[in-house]
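Participant: Dropping a structure here in structure tokens format, bear with me for questions.
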Amino acid sequence: MTLCDAGGTWLESIVLPANTGERAGALLLFEKIKATSWSQNLTLIWADEGFGGVDFEAQVQHQFGWKLDIGNKEPGQKGFCVQRKRWLIEQVFGCWGRYRRLSRDYEQSPACSRATLQVASLHRWLRRLKPAPNPHPPFRYRKL
């Protein structure tokens, strides 16, 4: 489970066994986040349909004070269509997939998996701050 901000920046994650449900994992992540100093600035959480349900949304609102906004498909939608705000987390997961140690489950402990996520996120931010120089000169037509 991972929480990112609206810009795709990693904020917090928790590594759980595969037999843990999405909602149970989300509650564990939310409890971990609630203990941080920056959680008081959190008001809205975007989530996909796996976290939907009036009961779960009410539980998050009551227990943590955060509004849970579920990104549902449009009525009558068939096939693939870009959903609002879902591309943010998918982009982060796609960037993490480029790292060899995150492409498969190589780690033996959840702490090592979480640390690898942190390193990948830091590397992503460092590349944003100082991009690698382009070794190829810009394209230009030959002079005739």
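Letters A, B, ... go to the chains of the structure tokens in the order shown; residues in each chain start at 1; ligands are counted from 1 in the same order.
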So that I can check the secondary structure, give me every residue of chain A assigned alpha helix (DSSP H) by backbone DSSP, as a PyMOL selection string.
Facilitator: chain A and resi 22-34+54-64+86-96+100-103+110-129
Participant: How would the residues just chosen look if you wrote them out with C-alpha atoms as a CSV table (one decimal), in the first residue's frame?
Facilitator:
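Once written, out11.csv looks like this:
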chain,number,residue,atom,x,y,z
A,22,GLU,CA,-7.1,-3.9,0.4
A,23,ARG,CA,-9.3,-2.2,3.0
A,24,ALA,CA,-7.5,-3.8,6.0
A,25,GLY,CA,-4.2,-2.7,4.5
A,26,ALA,CA,-5.5,0.8,3.9
A,27,LEU,CA,-6.6,1.1,7.5
A,28,LEU,CA,-3.1,0.0,8.7
A,29,LEU,CA,-1.5,2.6,6.4
A,30,PHE,CA,-3.9,5.3,7.6
A,31,GLU,CA,-3.0,4.5,11.2
A,32,LYS,CA,0.7,4.8,10.4
A,33,ILE,CA,0.1,8.1,8.6
A,34,LYS,CA,-2.1,9.5,11.4
A,54,VAL,CA,-20.3,3.6,2.0
A,55,ASP,CA,-19.3,1.7,5.2
A,56,PHE,CA,-15.5,2.0,4.5
A,57,GLU,CA,-15.7,5.7,3.5
A,58,ALA,CA,-17.7,6.5,6.7
A,59,GLN,CA,-15.2,4.5,8.8
A,60,VAL,CA,-12.2,6.5,7.3
A,61,GLN,CA,-14.1,9.8,7.8
A,62,HIS,CA,-15.0,8.9,11.4
A,63,GLN,CA,-11.7,7.3,12.5
A,64,PHE,CA,-9.2,9.6,10.7
A,86,ARG,CA,-5.8,7.3,-11.3
A,87,TRP,CA,-2.9,8.0,-13.6
A,88,LEU,CA,-0.9,9.6,-10.8
A,89,ILE,CA,-0.4,6.4,-8.8
A,90,GLU,CA,-0.1,4.3,-12.0
A,91,GLN,CA,2.7,6.6,-13.2
A,92,VAL,CA,4.5,6.1,-9.8
A,93,PHE,CA,4.1,2.3,-10.0
A,94,GLY,CA,5.4,2.4,-13.6
A,95,CYS,CA,8.5,4.3,-12.6
A,96,TRP,CA,9.2,1.9,-9.8
A,100,ARG,CA,15.4,-4.2,-11.1
A,101,ARG,CA,14.9,-4.8,-7.4
A,102,LEU,CA,11.2,-3.7,-7.6
A,103,SER,CA,10.4,-5.6,-10.7
A,110,PRO,CA,9.0,-6.1,4.5
A,111,ALA,CA,11.5,-3.5,5.9
A,112,CYS,CA,13.9,-4.2,3.0
A,113,SER,CA,11.0,-3.8,0.5
A,114,ARG,CA,10.0,-0.5,2.0
A,115,ALA,CA,13.6,0.8,2.0
A,116,THR,CA,13.9,-0.1,-1.7
A,117,LEU,CA,10.7,1.9,-2.4
A,118,GLN,CA,12.2,4.8,-0.6
A,119,VAL,CA,15.5,4.7,-2.5
A,120,ALA,CA,13.6,4.4,-5.8
A,121,SER,CA,11.5,7.5,-4.9
A,122,LEU,CA,14.5,9.5,-3.9
A,123,HIS,CA,16.3,8.6,-7.1
A,124,ARG,CA,13.2,9.6,-9.1
A,125,TRP,CA,13.2,13.0,-7.3
A,126,LEU,CA,16.9,13.5,-7.8
A,127,ARG,CA,16.5,12.9,-11.6
A,128,ARG,CA,13.8,15.5,-11.6
A,129,LEU,CA,16.0,18.0,-9.9
Participant: Find the spatial neighbours of stretch 12-16 of chain A, counting only C-alpha atoms, within a cut-off of 6 Å - ignore same-chain residues fewer than 4 positions away - and output them as a list in words.
Facilitator: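 Answer for this query is Met1, Thr2, Leu3 and Pro110 of chain A.
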Participant: Would you write out those residues with N, CA and C atoms, as an mmCIF file, in the first residue's frame?
Facilitator:
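Output contents, as saved in again.cif:
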data_model
loop_
_atom_site.group_PDB
_atom_site.id
_atom_site.type_symbol
_atom_site.label_atom_id
_atom_site.label_comp_id
_atom_site.auth_asym_id
_atom_site.auth_seq_id
_atom_site.Cartn_x
_atom_site.Cartn_y
_atom_site.Cartn_z
ATOM 1 N N MET A 1 0.843 -1.167 0.000
ATOM 2 C CA MET A 1 0.000 0.000 0.000
ATOM 3 C C MET A 1 0.891 1.232 0.000
ATOM 4 N N THR A 2 0.540 2.180 -0.833
ATOM 5 C CA THR A 2 1.334 3.394 -0.962
ATOM 6 C C THR A 2 0.424 4.612 -0.988
ATOM 7 N N LEU A 3 0.880 5.678 -0.357
ATOM 8 C CA LEU A 3 0.197 6.959 -0.408
ATOM 9 C C LEU A 3 1.121 7.950 -1.094
ATOM 10 N N PRO A 110 9.767 -7.264 4.880
ATOM 11 C CA PRO A 110 9.017 -6.068 4.481
ATOM 12 C C PRO A 110 9.810 -4.775 4.668
#
Participant: Which residues, written as a list in words, have at least one atom at most 9 Å from A:Ile70, with only C-alpha atoms counted and residues fewer than 6 positions away on the same chain left out?
Facilitator: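 Listing them by chain and then by number gives Ile45, Trp46, Ala47, Asp48, Glu49, Gly50, Phe51, Gly52, Gly53 and Glu57 of chain A.
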Participant: Got time to write the residues from that selection, C-alpha atoms, as a PDB file, in the first residue's frame?
Facilitator:
ATOM      1  CA  ILE A  45      -7.621  10.741  -0.315  1.00  0.00           C
ATOM      2  CA  TRP A  46      -8.243   9.509  -3.855  1.00  0.00           C
ATOM      3  CA  ALA A  47      -8.675   5.756  -4.146  1.00  0.00           C
ATOM      4  CA  ASP A  48      -9.815   3.231  -6.742  1.00  0.00           C
ATOM      5  CA  GLU A  49     -12.940   1.078  -6.743  1.00  0.00           C
ATOM      6  CA  GLY A  50     -11.390  -1.607  -4.533  1.00  0.00           C
ATOM      7  CA  PHE A  51     -11.741   0.768  -1.588  1.00  0.00           C
ATOM      8  CA  GLY A  52     -15.319   1.768  -2.389  1.00  0.00           C
ATOM      9  CA  GLY A  53     -18.292   1.277  -0.167  1.00  0.00           C
ATOM     10  CA  GLU A  57     -15.742   5.663   3.480  1.00  0.00           C
TER      11      GLU A  57
END
